$ cat data.pdb   # PDB, C-alpha atoms, pLDDT in the B column
ATOM      1  CA  MET Y   1     176.946 -18.061 124.963  1.00 60.00           C
ATOM      2  CA  ALA Y   2     175.819 -15.238 127.216  1.00 70.00           C
ATOM      3  CA  HIS Y   3     173.337 -12.820 125.797  1.00 79.00           C
ATOM      4  CA  ILE Y   4     174.965  -9.416 125.575  1.00 83.00           C
ATOM      5  CA  GLU Y   5     172.748  -6.357 125.858  1.00 84.00           C
ATOM      6  CA  ARG Y   6     174.050  -4.244 123.033  1.00 83.00           C
ATOM      7  CA  PRO Y   7     172.461  -0.957 122.047  1.00 80.00           C
ATOM      8  CA  ILE Y   8     170.195  -1.410 119.046  1.00 77.00           C
ATOM      9  CA  SER Y   9     169.377   1.244 116.470  1.00 76.00           C
ATOM     10  CA  PRO Y  10     166.174   3.210 117.071  1.00 74.00           C
ATOM     11  CA  HIS Y  11     163.141   1.586 115.505  1.00 75.00           C
ATOM     12  CA  LEU Y  12     160.409   3.054 113.317  1.00 73.00           C
ATOM     13  CA  GLN Y  13     158.083   4.082 116.154  1.00 75.00           C
ATOM     14  CA  ILE Y  14     160.842   6.118 117.854  1.00 79.00           C
ATOM     15  CA  TYR Y  15     161.042   8.678 115.093  1.00 81.00           C
ATOM     16  CA  LYS Y  16     158.695  11.624 114.768  1.00 86.00           C
ATOM     17  CA  PRO Y  17     156.782  11.329 111.464  1.00 87.00           C
ATOM     18  CA  GLN Y  18     158.200  13.774 108.945  1.00 90.00           C
ATOM     19  CA  ILE Y  19     157.020  14.861 105.503  1.00 92.00           C
ATOM     20  CA  SER Y  20     159.864  12.870 103.901  1.00 92.00           C
ATOM     21  CA  SER Y  21     159.186   9.586 105.703  1.00 92.00           C
ATOM     22  CA  VAL Y  22     155.373   9.843 105.572  1.00 95.00           C
ATOM     23  CA  LEU Y  23     155.355  10.522 101.813  1.00 96.00           C
ATOM     24  CA  SER Y  24     157.831   7.684 101.262  1.00 95.00           C
ATOM     25  CA  ILE Y  25     155.672   5.038 102.957  1.00 95.00           C
ATOM     26  CA  LEU Y  26     152.558   6.518 101.307  1.00 97.00           C
ATOM     27  CA  HIS Y  27     154.184   5.859  97.918  1.00 98.00           C
ATOM     28  CA  ARG Y  28     154.437   2.177  98.785  1.00 97.00           C
ATOM     29  CA  ILE Y  29     150.958   1.987 100.362  1.00 98.00           C
ATOM     30  CA  THR Y  30     149.297   3.709  97.385  1.00 98.00           C
ATOM     31  CA  GLY Y  31     151.262   1.451  95.013  1.00 98.00           C
ATOM     32  CA  ALA Y  32     149.951  -1.676  96.746  1.00 98.00           C
ATOM     33  CA  ALA Y  33     146.416  -0.237  96.900  1.00 98.00           C
ATOM     34  CA  LEU Y  34     146.530   0.580  93.179  1.00 98.00           C
ATOM     35  CA  GLY Y  35     147.470  -3.048  92.535  1.00 98.00           C
ATOM     36  CA  PHE Y  36     144.212  -4.169  94.153  1.00 97.00           C
ATOM     37  CA  GLY Y  37     142.412  -1.307  92.396  1.00 97.00           C
ATOM     38  CA  LEU Y  38     143.624  -2.707  89.079  1.00 97.00           C
ATOM     39  CA  LEU Y  39     141.456  -5.764  89.822  1.00 97.00           C
ATOM     40  CA  LEU Y  40     138.411  -3.472  89.867  1.00 97.00           C
ATOM     41  CA  PHE Y  41     139.553  -1.950  86.564  1.00 97.00           C
ATOM     42  CA  ALA Y  42     139.989  -5.465  85.126  1.00 98.00           C
ATOM     43  CA  TRP Y  43     136.475  -6.431  86.305  1.00 98.00           C
ATOM     44  CA  TRP Y  44     135.003  -3.338  84.615  1.00 98.00           C
ATOM     45  CA  LEU Y  45     136.910  -3.971  81.349  1.00 97.00           C
ATOM     46  CA  ILE Y  46     136.121  -7.699  81.190  1.00 98.00           C
ATOM     47  CA  ALA Y  47     132.471  -7.004  82.058  1.00 98.00           C
ATOM     48  CA  ALA Y  48     132.261  -4.488  79.192  1.00 97.00           C
ATOM     49  CA  ALA Y  49     133.493  -7.219  76.824  1.00 97.00           C
ATOM     50  CA  SER Y  50     131.161  -9.857  78.318  1.00 97.00           C
ATOM     51  CA  GLY Y  51     127.834  -8.132  77.634  1.00 95.00           C
ATOM     52  CA  PRO Y  52     125.173  -5.796  79.036  1.00 96.00           C
ATOM     53  CA  GLU Y  53     124.263  -7.961  82.081  1.00 97.00           C
ATOM     54  CA  ALA Y  54     127.859  -8.365  83.266  1.00 97.00           C
ATOM     55  CA  TYR Y  55     128.469  -4.666  82.635  1.00 97.00           C
ATOM     56  CA  ALA Y  56     125.351  -3.677  84.587  1.00 97.00           C
ATOM     57  CA  CYS Y  57     126.666  -5.705  87.534  1.00 97.00           C
ATOM     58  CA  ALA Y  58     130.150  -4.115  87.450  1.00 97.00           C
ATOM     59  CA  SER Y  59     128.980  -0.546  86.798  1.00 95.00           C
ATOM     60  CA  GLY Y  60     126.234  -1.013  89.404  1.00 96.00           C
ATOM     61  CA  PHE Y  61     128.860  -1.761  92.040  1.00 97.00           C
ATOM     62  CA  ILE Y  62     131.183   1.036  90.922  1.00 96.00           C
ATOM     63  CA  GLY Y  63     128.257   3.480  90.894  1.00 94.00           C
ATOM     64  CA  SER Y  64     127.085   2.505  94.405  1.00 96.00           C
ATOM     65  CA  VAL Y  65     128.075   4.554  97.461  1.00 97.00           C
ATOM     66  CA  LEU Y  66     130.761   1.997  98.414  1.00 97.00           C
ATOM     67  CA  GLY Y  67     131.952   1.777  94.805  1.00 97.00           C
ATOM     68  CA  ARG Y  68     132.233   5.546  94.510  1.00 97.00           C
ATOM     69  CA  LEU Y  69     134.160   5.720  97.789  1.00 97.00           C
ATOM     70  CA  ILE Y  70     136.597   3.077  96.518  1.00 98.00           C
ATOM     71  CA  LEU Y  71     136.881   4.862  93.152  1.00 97.00           C
ATOM     72  CA  PHE Y  72     137.514   8.186  94.913  1.00 98.00           C
ATOM     73  CA  GLY Y  73     140.258   6.580  97.005  1.00 98.00           C
ATOM     74  CA  PHE Y  74     141.642   4.936  93.868  1.00 98.00           C
ATOM     75  CA  THR Y  75     141.705   8.322  92.080  1.00 98.00           C
ATOM     76  CA  TRP Y  76     143.660   9.948  94.907  1.00 98.00           C
ATOM     77  CA  ALA Y  77     146.035   6.970  95.246  1.00 98.00           C
ATOM     78  CA  LEU Y  78     146.615   7.081  91.486  1.00 98.00           C
ATOM     79  CA  PHE Y  79     147.432  10.788  91.416  1.00 98.00           C
ATOM     80  CA  TYR Y  80     149.514  10.588  94.576  1.00 98.00           C
ATOM     81  CA  HIS Y  81     151.596   7.738  93.126  1.00 98.00           C
ATOM     82  CA  PHE Y  82     151.684   9.606  89.789  1.00 98.00           C
ATOM     83  CA  CYS Y  83     152.975  12.905  91.285  1.00 98.00           C
ATOM     84  CA  ASN Y  84     155.358  11.303  93.776  1.00 98.00           C
ATOM     85  CA  GLY Y  85     156.547   8.966  91.005  1.00 98.00           C
ATOM     86  CA  ILE Y  86     157.613  12.024  88.973  1.00 98.00           C
ATOM     87  CA  ARG Y  87     159.487  13.197  92.096  1.00 97.00           C
ATOM     88  CA  HIS Y  88     161.216   9.799  92.247  1.00 97.00           C
ATOM     89  CA  LEU Y  89     162.194  10.033  88.560  1.00 97.00           C
ATOM     90  CA  PHE Y  90     163.914  13.380  89.251  1.00 97.00           C
ATOM     91  CA  TRP Y  91     165.735  11.810  92.223  1.00 97.00           C
ATOM     92  CA  ASP Y  92     166.882   9.028  89.879  1.00 95.00           C
ATOM     93  CA  MET Y  93     168.512  11.758  87.784  1.00 95.00           C
ATOM     94  CA  GLY Y  94     170.203  13.075  90.948  1.00 95.00           C
ATOM     95  CA  LYS Y  95     168.049  16.206  91.135  1.00 96.00           C
ATOM     96  CA  GLY Y  96     166.033  17.587  94.065  1.00 94.00           C
ATOM     97  CA  PHE Y  97     167.827  15.980  97.020  1.00 93.00           C
ATOM     98  CA  GLU Y  98     168.482  19.252  98.915  1.00 95.00           C
ATOM     99  CA  LEU Y  99     166.271  19.325 102.035  1.00 94.00           C
ATOM    100  CA  PRO Y 100     164.388  22.604 101.274  1.00 95.00           C
ATOM    101  CA  VAL Y 101     163.729  21.406  97.689  1.00 96.00           C
ATOM    102  CA  MET Y 102     162.620  17.976  98.912  1.00 96.00           C
ATOM    103  CA  HIS Y 103     160.180  19.532 101.402  1.00 96.00           C
ATOM    104  CA  ARG Y 104     158.801  21.887  98.729  1.00 97.00           C
ATOM    105  CA  THR Y 105     158.309  19.105  96.148  1.00 97.00           C
ATOM    106  CA  GLY Y 106     156.794  16.910  98.880  1.00 97.00           C
ATOM    107  CA  TRP Y 107     154.117  19.458  99.718  1.00 97.00           C
ATOM    108  CA  ALA Y 108     153.616  20.050  95.981  1.00 98.00           C
ATOM    109  CA  VAL Y 109     152.842  16.331  95.628  1.00 98.00           C
ATOM    110  CA  VAL Y 110     150.285  16.524  98.479  1.00 98.00           C
ATOM    111  CA  ALA Y 111     148.591  19.607  96.983  1.00 98.00           C
ATOM    112  CA  GLY Y 112     148.880  18.384  93.380  1.00 98.00           C
ATOM    113  CA  SER Y 113     147.370  14.967  94.070  1.00 98.00           C
ATOM    114  CA  ALA Y 114     144.465  16.536  95.993  1.00 98.00           C
ATOM    115  CA  ALA Y 115     143.855  19.130  93.255  1.00 98.00           C
ATOM    116  CA  LEU Y 116     143.955  16.535  90.439  1.00 98.00           C
ATOM    117  CA  THR Y 117     141.569  14.225  92.331  1.00 98.00           C
ATOM    118  CA  ILE Y 118     139.040  17.022  92.869  1.00 98.00           C
ATOM    119  CA  LEU Y 119     139.443  18.231  89.262  1.00 98.00           C
ATOM    120  CA  VAL Y 120     138.739  14.767  87.833  1.00 98.00           C
ATOM    121  CA  TRP Y 121     135.624  14.252  89.996  1.00 97.00           C
ATOM    122  CA  VAL Y 122     134.277  17.735  89.292  1.00 97.00           C
ATOM    123  CA  LEU Y 123     134.772  17.162  85.532  1.00 97.00           C
ATOM    124  CA  ALA Y 124     133.181  13.714  85.696  1.00 95.00           C
ATOM    125  CA  TYR Y 125     130.075  15.029  87.467  1.00 94.00           C
ATOM    126  CA  ALA Y 126     129.899  18.172  85.288  1.00 94.00           C
ATOM    127  CA  LEU Y 127     130.205  16.353  81.941  1.00 88.00           C
ATOM    128  CA  ARG Y 128     128.034  13.384  82.880  1.00 78.00           C
TER     129      ARG Y 128
ATOM    130  CA  MET Q   1     199.087 -13.603  96.188  1.00 41.00           C
ATOM    131  CA  GLY Q   2     196.766 -12.418  93.477  1.00 47.00           C
ATOM    132  CA  SER Q   3     193.667 -10.317  93.881  1.00 53.00           C
ATOM    133  CA  LYS Q   4     190.288 -11.890  94.655  1.00 55.00           C
ATOM    134  CA  GLY Q   5     189.290 -11.547  91.004  1.00 53.00           C
ATOM    135  CA  ASN Q   6     191.818 -14.185  89.964  1.00 70.00           C
ATOM    136  CA  TYR Q   7     189.717 -16.942  91.533  1.00 76.00           C
ATOM    137  CA  ARG Q   8     186.722 -16.165  89.317  1.00 76.00           C
ATOM    138  CA  SER Q   9     186.280 -17.477  85.811  1.00 81.00           C
ATOM    139  CA  PRO Q  10     186.666 -14.962  82.964  1.00 82.00           C
ATOM    140  CA  LEU Q  11     182.933 -15.373  82.211  1.00 82.00           C
ATOM    141  CA  ALA Q  12     181.928 -14.587  85.810  1.00 78.00           C
ATOM    142  CA  ARG Q  13     184.229 -11.555  85.736  1.00 77.00           C
ATOM    143  CA  VAL Q  14     182.849 -10.194  82.484  1.00 78.00           C
ATOM    144  CA  ARG Q  15     179.267 -10.598  83.733  1.00 78.00           C
ATOM    145  CA  GLY Q  16     180.344  -8.706  86.841  1.00 75.00           C
ATOM    146  CA  LEU Q  17     177.261  -9.563  88.909  1.00 78.00           C
ATOM    147  CA  GLY Q  18     178.594 -11.862  91.648  1.00 75.00           C
ATOM    148  CA  ALA Q  19     176.170 -12.764  94.435  1.00 74.00           C
ATOM    149  CA  ALA Q  20     173.661 -10.154  93.205  1.00 74.00           C
ATOM    150  CA  LYS Q  21     172.680 -12.656  90.444  1.00 73.00           C
ATOM    151  CA  SER Q  22     171.118 -10.001  88.247  1.00 77.00           C
ATOM    152  CA  GLY Q  23     171.868  -6.515  87.039  1.00 74.00           C
ATOM    153  CA  VAL Q  24     169.873  -3.337  86.605  1.00 86.00           C
ATOM    154  CA  GLU Q  25     167.042  -4.723  84.417  1.00 90.00           C
ATOM    155  CA  HIS Q  26     164.488  -4.740  87.233  1.00 92.00           C
ATOM    156  CA  TRP Q  27     165.334  -1.179  88.284  1.00 93.00           C
ATOM    157  CA  TRP Q  28     165.384   0.044  84.699  1.00 94.00           C
ATOM    158  CA  LEU Q  29     162.083  -1.606  83.648  1.00 95.00           C
ATOM    159  CA  GLN Q  30     160.390  -0.160  86.756  1.00 96.00           C
ATOM    160  CA  ARG Q  31     161.398   3.327  85.524  1.00 97.00           C
ATOM    161  CA  ALA Q  32     160.614   2.605  81.866  1.00 97.00           C
ATOM    162  CA  SER Q  33     157.092   1.389  82.743  1.00 98.00           C
ATOM    163  CA  ALA Q  34     156.647   4.416  85.063  1.00 98.00           C
ATOM    164  CA  ILE Q  35     157.548   6.837  82.261  1.00 98.00           C
ATOM    165  CA  ALA Q  36     155.219   5.004  79.843  1.00 98.00           C
ATOM    166  CA  LEU Q  37     152.405   5.188  82.407  1.00 98.00           C
ATOM    167  CA  LEU Q  38     152.593   8.996  82.759  1.00 98.00           C
ATOM    168  CA  PRO Q  39     150.924   9.861  79.402  1.00 98.00           C
ATOM    169  CA  LEU Q  40     148.812   6.657  79.372  1.00 98.00           C
ATOM    170  CA  VAL Q  41     147.244   7.460  82.770  1.00 98.00           C
ATOM    171  CA  VAL Q  42     146.466  11.043  81.687  1.00 98.00           C
ATOM    172  CA  VAL Q  43     144.804   9.923  78.435  1.00 98.00           C
ATOM    173  CA  PHE Q  44     142.861   7.059  80.045  1.00 98.00           C
ATOM    174  CA  THR Q  45     141.655   9.375  82.832  1.00 98.00           C
ATOM    175  CA  ALA Q  46     140.199  11.609  80.096  1.00 97.00           C
ATOM    176  CA  PHE Q  47     138.500   8.518  78.603  1.00 97.00           C
ATOM    177  CA  ALA Q  48     137.092   7.556  82.017  1.00 97.00           C
ATOM    178  CA  ILE Q  49     135.727  11.076  82.593  1.00 96.00           C
ATOM    179  CA  SER Q  50     134.059  11.092  79.165  1.00 95.00           C
ATOM    180  CA  LEU Q  51     132.539   7.625  79.833  1.00 95.00           C
ATOM    181  CA  THR Q  52     131.006   8.563  83.213  1.00 94.00           C
ATOM    182  CA  GLY Q  53     127.400   7.418  83.240  1.00 91.00           C
ATOM    183  CA  ALA Q  54     127.624   5.970  79.707  1.00 94.00           C
ATOM    184  CA  SER Q  55     125.557   2.925  78.744  1.00 96.00           C
ATOM    185  CA  HIS Q  56     127.082  -0.480  78.013  1.00 97.00           C
ATOM    186  CA  ALA Q  57     126.619   0.035  74.256  1.00 96.00           C
ATOM    187  CA  GLU Q  58     128.442   3.374  74.383  1.00 97.00           C
ATOM    188  CA  VAL Q  59     131.339   1.993  76.484  1.00 97.00           C
ATOM    189  CA  ALA Q  60     131.688  -1.115  74.279  1.00 97.00           C
ATOM    190  CA  ALA Q  61     131.622   0.945  71.070  1.00 97.00           C
ATOM    191  CA  PHE Q  62     134.162   3.436  72.432  1.00 97.00           C
ATOM    192  CA  LEU Q  63     136.652   0.812  73.686  1.00 97.00           C
ATOM    193  CA  GLY Q  64     136.249  -1.091  70.395  1.00 96.00           C
ATOM    194  CA  ARG Q  65     137.581   1.821  68.332  1.00 96.00           C
ATOM    195  CA  PRO Q  66     141.248   1.431  67.296  1.00 95.00           C
ATOM    196  CA  LEU Q  67     142.774   4.400  69.165  1.00 97.00           C
ATOM    197  CA  PRO Q  68     141.061   3.927  72.582  1.00 97.00           C
ATOM    198  CA  ALA Q  69     141.613   0.154  72.260  1.00 98.00           C
ATOM    199  CA  GLY Q  70     145.321   0.608  71.513  1.00 98.00           C
ATOM    200  CA  ILE Q  71     145.811   3.058  74.378  1.00 98.00           C
ATOM    201  CA  THR Q  72     143.916   0.760  76.768  1.00 98.00           C
ATOM    202  CA  ILE Q  73     146.069  -2.238  75.789  1.00 98.00           C
ATOM    203  CA  LEU Q  74     149.276  -0.207  76.230  1.00 98.00           C
ATOM    204  CA  LEU Q  75     147.996   0.979  79.624  1.00 98.00           C
ATOM    205  CA  VAL Q  76     147.226  -2.601  80.690  1.00 98.00           C
ATOM    206  CA  ILE Q  77     150.698  -3.844  79.674  1.00 98.00           C
ATOM    207  CA  ALA Q  78     152.541  -0.945  81.367  1.00 98.00           C
ATOM    208  CA  ALA Q  79     150.362  -1.007  84.515  1.00 98.00           C
ATOM    209  CA  PHE Q  80     150.553  -4.769  85.138  1.00 98.00           C
ATOM    210  CA  TRP Q  81     154.277  -4.836  84.386  1.00 98.00           C
ATOM    211  CA  HIS Q  82     154.813  -1.944  86.823  1.00 98.00           C
ATOM    212  CA  LEU Q  83     152.664  -3.771  89.404  1.00 98.00           C
ATOM    213  CA  LYS Q  84     154.661  -6.996  89.007  1.00 98.00           C
ATOM    214  CA  LEU Q  85     157.981  -5.160  89.514  1.00 97.00           C
ATOM    215  CA  GLY Q  86     156.768  -2.947  92.380  1.00 97.00           C
ATOM    216  CA  GLY Q  87     154.924  -5.753  94.156  1.00 97.00           C
ATOM    217  CA  GLN Q  88     158.033  -7.929  93.917  1.00 97.00           C
ATOM    218  CA  VAL Q  89     160.081  -5.279  95.745  1.00 96.00           C
ATOM    219  CA  ILE Q  90     157.470  -5.089  98.540  1.00 97.00           C
ATOM    220  CA  ILE Q  91     157.451  -8.896  98.895  1.00 97.00           C
ATOM    221  CA  GLU Q  92     161.255  -9.101  98.914  1.00 95.00           C
ATOM    222  CA  ASP Q  93     161.403  -6.409 101.620  1.00 94.00           C
ATOM    223  CA  TYR Q  94     158.922  -8.006 104.032  1.00 95.00           C
ATOM    224  CA  VAL Q  95     159.024 -11.788 103.419  1.00 95.00           C
ATOM    225  CA  SER Q  96     162.277 -13.156 104.807  1.00 92.00           C
ATOM    226  CA  HIS Q  97     161.692 -16.923 104.338  1.00 95.00           C
ATOM    227  CA  GLU Q  98     163.227 -17.851 100.959  1.00 95.00           C
ATOM    228  CA  GLY Q  99     160.584 -20.439 100.017  1.00 97.00           C
ATOM    229  CA  VAL Q 100     157.623 -18.266 100.962  1.00 97.00           C
ATOM    230  CA  LYS Q 101     159.249 -15.305  99.209  1.00 97.00           C
ATOM    231  CA  LEU Q 102     159.692 -17.303  96.001  1.00 97.00           C
ATOM    232  CA  ALA Q 103     156.092 -18.567  96.167  1.00 98.00           C
ATOM    233  CA  CYS Q 104     154.758 -15.026  96.684  1.00 98.00           C
ATOM    234  CA  VAL Q 105     156.784 -13.570  93.793  1.00 97.00           C
ATOM    235  CA  LEU Q 106     155.685 -16.438  91.516  1.00 98.00           C
ATOM    236  CA  ALA Q 107     152.039 -15.993  92.538  1.00 98.00           C
ATOM    237  CA  LEU Q 108     152.296 -12.250  91.843  1.00 98.00           C
ATOM    238  CA  THR Q 109     153.911 -12.897  88.453  1.00 98.00           C
ATOM    239  CA  PHE Q 110     151.266 -15.450  87.420  1.00 98.00           C
ATOM    240  CA  ALA Q 111     148.410 -13.257  88.680  1.00 98.00           C
ATOM    241  CA  THR Q 112     149.603 -10.108  86.890  1.00 98.00           C
ATOM    242  CA  VAL Q 113     150.185 -12.019  83.622  1.00 98.00           C
ATOM    243  CA  ALA Q 114     146.790 -13.772  83.855  1.00 98.00           C
ATOM    244  CA  VAL Q 115     144.709 -10.689  84.741  1.00 98.00           C
ATOM    245  CA  GLY Q 116     146.658  -8.531  82.286  1.00 98.00           C
ATOM    246  CA  LEU Q 117     146.071 -11.044  79.488  1.00 98.00           C
ATOM    247  CA  ALA Q 118     142.357 -11.261  80.369  1.00 98.00           C
ATOM    248  CA  CYS Q 119     142.153  -7.450  80.073  1.00 98.00           C
ATOM    249  CA  ILE Q 120     143.883  -7.470  76.678  1.00 98.00           C
ATOM    250  CA  LEU Q 121     141.573 -10.233  75.401  1.00 98.00           C
ATOM    251  CA  ALA Q 122     138.572  -8.212  76.630  1.00 98.00           C
ATOM    252  CA  VAL Q 123     139.692  -5.183  74.613  1.00 98.00           C
ATOM    253  CA  LEU Q 124     140.399  -7.342  71.535  1.00 98.00           C
ATOM    254  CA  ARG Q 125     136.918  -8.849  71.811  1.00 97.00           C
ATOM    255  CA  LEU Q 126     135.416  -5.352  71.804  1.00 97.00           C
ATOM    256  CA  VAL Q 127     137.543  -4.434  68.772  1.00 97.00           C
ATOM    257  CA  VAL Q 128     136.351  -7.515  66.883  1.00 96.00           C
ATOM    258  CA  ALA Q 129     132.729  -6.897  67.923  1.00 93.00           C
ATOM    259  CA  GLY Q 130     132.971  -3.299  66.745  1.00 87.00           C
ATOM    260  CA  ALA Q 131     134.642  -4.126  63.410  1.00 75.00           C
TER     261      ALA Q 131
END
$ encode --input "data.pdb" --output "structure tokens"
Amino acid sequence: MAHIERPISPHLQIYKPQISSVLSILHRITGAALGFGLLLFAWWLIAAASGPEAYACASGFIGSVLGRLILFGFTWALFYHFCNGIRHLFWDMGKGFELPVMHRTGWAVVAGSAALTILVWVLAYALR
Amino acid sequence: MGSKGNYRSPLARVRGLGAAKSGVEHWWLQRASAIALLPLVVVFTAFAISLTGASHAEVAAFLGRPLPAGITILLVIAAFWHLKLGGQVIIEDYVSHEGVKLACVLALTFATVAVGLACILAVLRLVVAGA
């Protein structure tokens, strides 16, 4: 059978990134990243139950420069997924689909997740 | 000629799922675990802030107390359940080969159950040690 050149629908790279599409894929990326981050949480928890040496190893890594960078990224991913997840729950109830509302809540998620991340790290360093 | 529904058994009709094989449980549990995680994440974040820089003895004693232990176990159950459901959707979206897809979903299920159980046992050990 002859191959017929039919028009195909535009692919992902054709579209200009927009707040709606970027936040949508970020929800999935942060979700997957948090899954791997949960392994770090599990290591910390199991080490705490295993004894002082195991805990020193886990907390030593988490407290290192690399560990802190990962934990900072984890904190932001957590609060991003948290805030955007609330947005998704409102969508599930059929609320907030109008474009101006969706853009407003989208930017609120960006600002909220950044603010919560900074707040948590400032508190952690202040109360240490 | 009758409608298409006449060719299906009464049981198949009452289940009403057809080729979809399952209903809304996956979707619903994803939301239920998400709602459960909202307060649990807030409370555990407060725990984590208060434990910054704490020694092993302090962390072990804190997590061994009934309330922090209970909240941590609830967090572990909700988080790993949410991860299993969310990860499954990602796999089903990007892995098209049926066999590989099934293997990936099974591996994810086993891994989340195993690591989640290990976390729960860790908390229980701290509770017993603190009792």
$ interface_residues --input "data.pdb" --of "chain Q" --to "chain Y" --cutoff "7 Å" --atoms "only C-alpha atoms" --output "PDB file with C-alpha atoms, in the coordinates of the input"
ATOM      1  CA  ILE Q  49     135.727  11.076  82.593  1.00 96.00           C
ATOM      2  CA  THR Q  52     131.006   8.563  83.213  1.00 94.00           C
ATOM      3  CA  GLY Q  53     127.400   7.418  83.240  1.00 91.00           C
ATOM      4  CA  HIS Q  56     127.082  -0.480  78.013  1.00 97.00           C
ATOM      5  CA  ALA Q  60     131.688  -1.115  74.279  1.00 97.00           C
ATOM      6  CA  LEU Q  83     152.664  -3.771  89.404  1.00 98.00           C
ATOM      7  CA  GLY Q  87     154.924  -5.753  94.156  1.00 97.00           C
ATOM      8  CA  CYS Q 119     142.153  -7.450  80.073  1.00 98.00           C
ATOM      9  CA  ALA Q 122     138.572  -8.212  76.630  1.00 98.00           C
ATOM     10  CA  VAL Q 123     139.692  -5.183  74.613  1.00 98.00           C
ATOM     11  CA  ARG Q 125     136.918  -8.849  71.811  1.00 97.00           C
ATOM     12  CA  LEU Q 126     135.416  -5.352  71.804  1.00 97.00           C
TER      13      LEU Q 126
END
$ atom_distance --input "data.pdb" --atom1 "CA of Leu71 in chain Y" --atom2 "CA of Gly37 in chain Y"
8.3 Å
$ residues_near_point --input "data.pdb" --point "(140.5, 2.8, 76.5)" --cutoff "12 Å" --atoms "only C-alpha atoms" --output "mmCIF file with C-alpha atoms, in the coordinates of the input"
data_model
loop_
_atom_site.group_PDB
_atom_site.id
_atom_site.type_symbol
_atom_site.label_atom_id
_atom_site.label_comp_id
_atom_site.auth_asym_id
_atom_site.auth_seq_id
_atom_site.Cartn_x
_atom_site.Cartn_y
_atom_site.Cartn_z
ATOM 1 C CA PHE Y 41 139.553 -1.950 86.564
ATOM 2 C CA ALA Y 42 139.989 -5.465 85.126
ATOM 3 C CA TRP Y 44 135.003 -3.338 84.615
ATOM 4 C CA LEU Y 45 136.910 -3.971 81.349
ATOM 5 C CA ALA Y 48 132.261 -4.488 79.192
ATOM 6 C CA LEU Q 40 148.812 6.657 79.372
ATOM 7 C CA VAL Q 41 147.244 7.460 82.770
ATOM 8 C CA VAL Q 42 146.466 11.043 81.687
ATOM 9 C CA VAL Q 43 144.804 9.923 78.435
ATOM 10 C CA PHE Q 44 142.861 7.059 80.045
ATOM 11 C CA THR Q 45 141.655 9.375 82.832
ATOM 12 C CA ALA Q 46 140.199 11.609 80.096
ATOM 13 C CA PHE Q 47 138.500 8.518 78.603
ATOM 14 C CA ALA Q 48 137.092 7.556 82.017
ATOM 15 C CA ILE Q 49 135.727 11.076 82.593
ATOM 16 C CA SER Q 50 134.059 11.092 79.165
ATOM 17 C CA LEU Q 51 132.539 7.625 79.833
ATOM 18 C CA VAL Q 59 131.339 1.993 76.484
ATOM 19 C CA ALA Q 60 131.688 -1.115 74.279
ATOM 20 C CA ALA Q 61 131.622 0.945 71.070
ATOM 21 C CA PHE Q 62 134.162 3.436 72.432
ATOM 22 C CA LEU Q 63 136.652 0.812 73.686
ATOM 23 C CA GLY Q 64 136.249 -1.091 70.395
ATOM 24 C CA ARG Q 65 137.581 1.821 68.332
ATOM 25 C CA PRO Q 66 141.248 1.431 67.296
ATOM 26 C CA LEU Q 67 142.774 4.400 69.165
ATOM 27 C CA PRO Q 68 141.061 3.927 72.582
ATOM 28 C CA ALA Q 69 141.613 0.154 72.260
ATOM 29 C CA GLY Q 70 145.321 0.608 71.513
ATOM 30 C CA ILE Q 71 145.811 3.058 74.378
ATOM 31 C CA THR Q 72 143.916 0.760 76.768
ATOM 32 C CA ILE Q 73 146.069 -2.238 75.789
ATOM 33 C CA LEU Q 74 149.276 -0.207 76.230
ATOM 34 C CA LEU Q 75 147.996 0.979 79.624
ATOM 35 C CA VAL Q 76 147.226 -2.601 80.690
ATOM 36 C CA CYS Q 119 142.153 -7.450 80.073
ATOM 37 C CA ILE Q 120 143.883 -7.470 76.678
ATOM 38 C CA ALA Q 122 138.572 -8.212 76.630
ATOM 39 C CA VAL Q 123 139.692 -5.183 74.613
ATOM 40 C CA LEU Q 124 140.399 -7.342 71.535
ATOM 41 C CA LEU Q 126 135.416 -5.352 71.804
ATOM 42 C CA VAL Q 127 137.543 -4.434 68.772
#
$ atom_distance --input "data.pdb" --atom1 "CA of Ala115 in chain Y" --atom2 "CA of Tyr80 in chain Y"
10.3 Å
$ atom_distance --input "data.pdb" --atom1 "CA of Ala118 in chain Q" --atom2 "CA of Ala36 in chain Q"
20.7 Å
$ resolve_selection --input "data.pdb" --expression "the PyMOL selection byres ((chain Q and resi 109) around 10)" --output "list of chain:residue names"
Q:Phe80, Q:Trp81, Q:Leu83, Q:Lys84, Q:Leu85, Q:Gly87, Q:Gln88, Q:Ala103, Q:Cys104, Q:Val105, Q:Leu106, Q:Ala107, Q:Leu108, Q:Phe110, Q:Ala111, Q:Thr112, Q:Val113, Q:Ala114
$ write_last_selection --input "data.pdb" --atoms "C-alpha atoms" --output "compact mmCIF listing (two decimals), in the frame of the given file"
# COMPACT_ATOMS: atom_id res chain seq x y z
CA PHE Q 80 150.55 -4.77 85.14
CA TRP Q 81 154.28 -4.84 84.39
CA LEU Q 83 152.66 -3.77 89.40
CA LYS Q 84 154.66 -7.00 89.01
CA LEU Q 85 157.98 -5.16 89.51
CA GLY Q 87 154.92 -5.75 94.16
CA GLN Q 88 158.03 -7.93 93.92
CA ALA Q 103 156.09 -18.57 96.17
CA CYS Q 104 154.76 -15.03 96.68
CA VAL Q 105 156.78 -13.57 93.79
CA LEU Q 106 155.68 -16.44 91.52
CA ALA Q 107 152.04 -15.99 92.54
CA LEU Q 108 152.30 -12.25 91.84
CA PHE Q 110 151.27 -15.45 87.42
CA ALA Q 111 148.41 -13.26 88.68
CA THR Q 112 149.60 -10.11 86.89
CA VAL Q 113 150.18 -12.02 83.62
CA ALA Q 114 146.79 -13.77 83.86
$ axis_aligned_box --input "data.pdb" --around "range 59-78 of chain Q" --padding-each-side "6 Å" --output "AutoDock Vina command-line options"
--center_x 141.9 --center_y 0.3 --center_z 74.3 --size_x 33.2 --size_y 20.2 --size_z 26.1
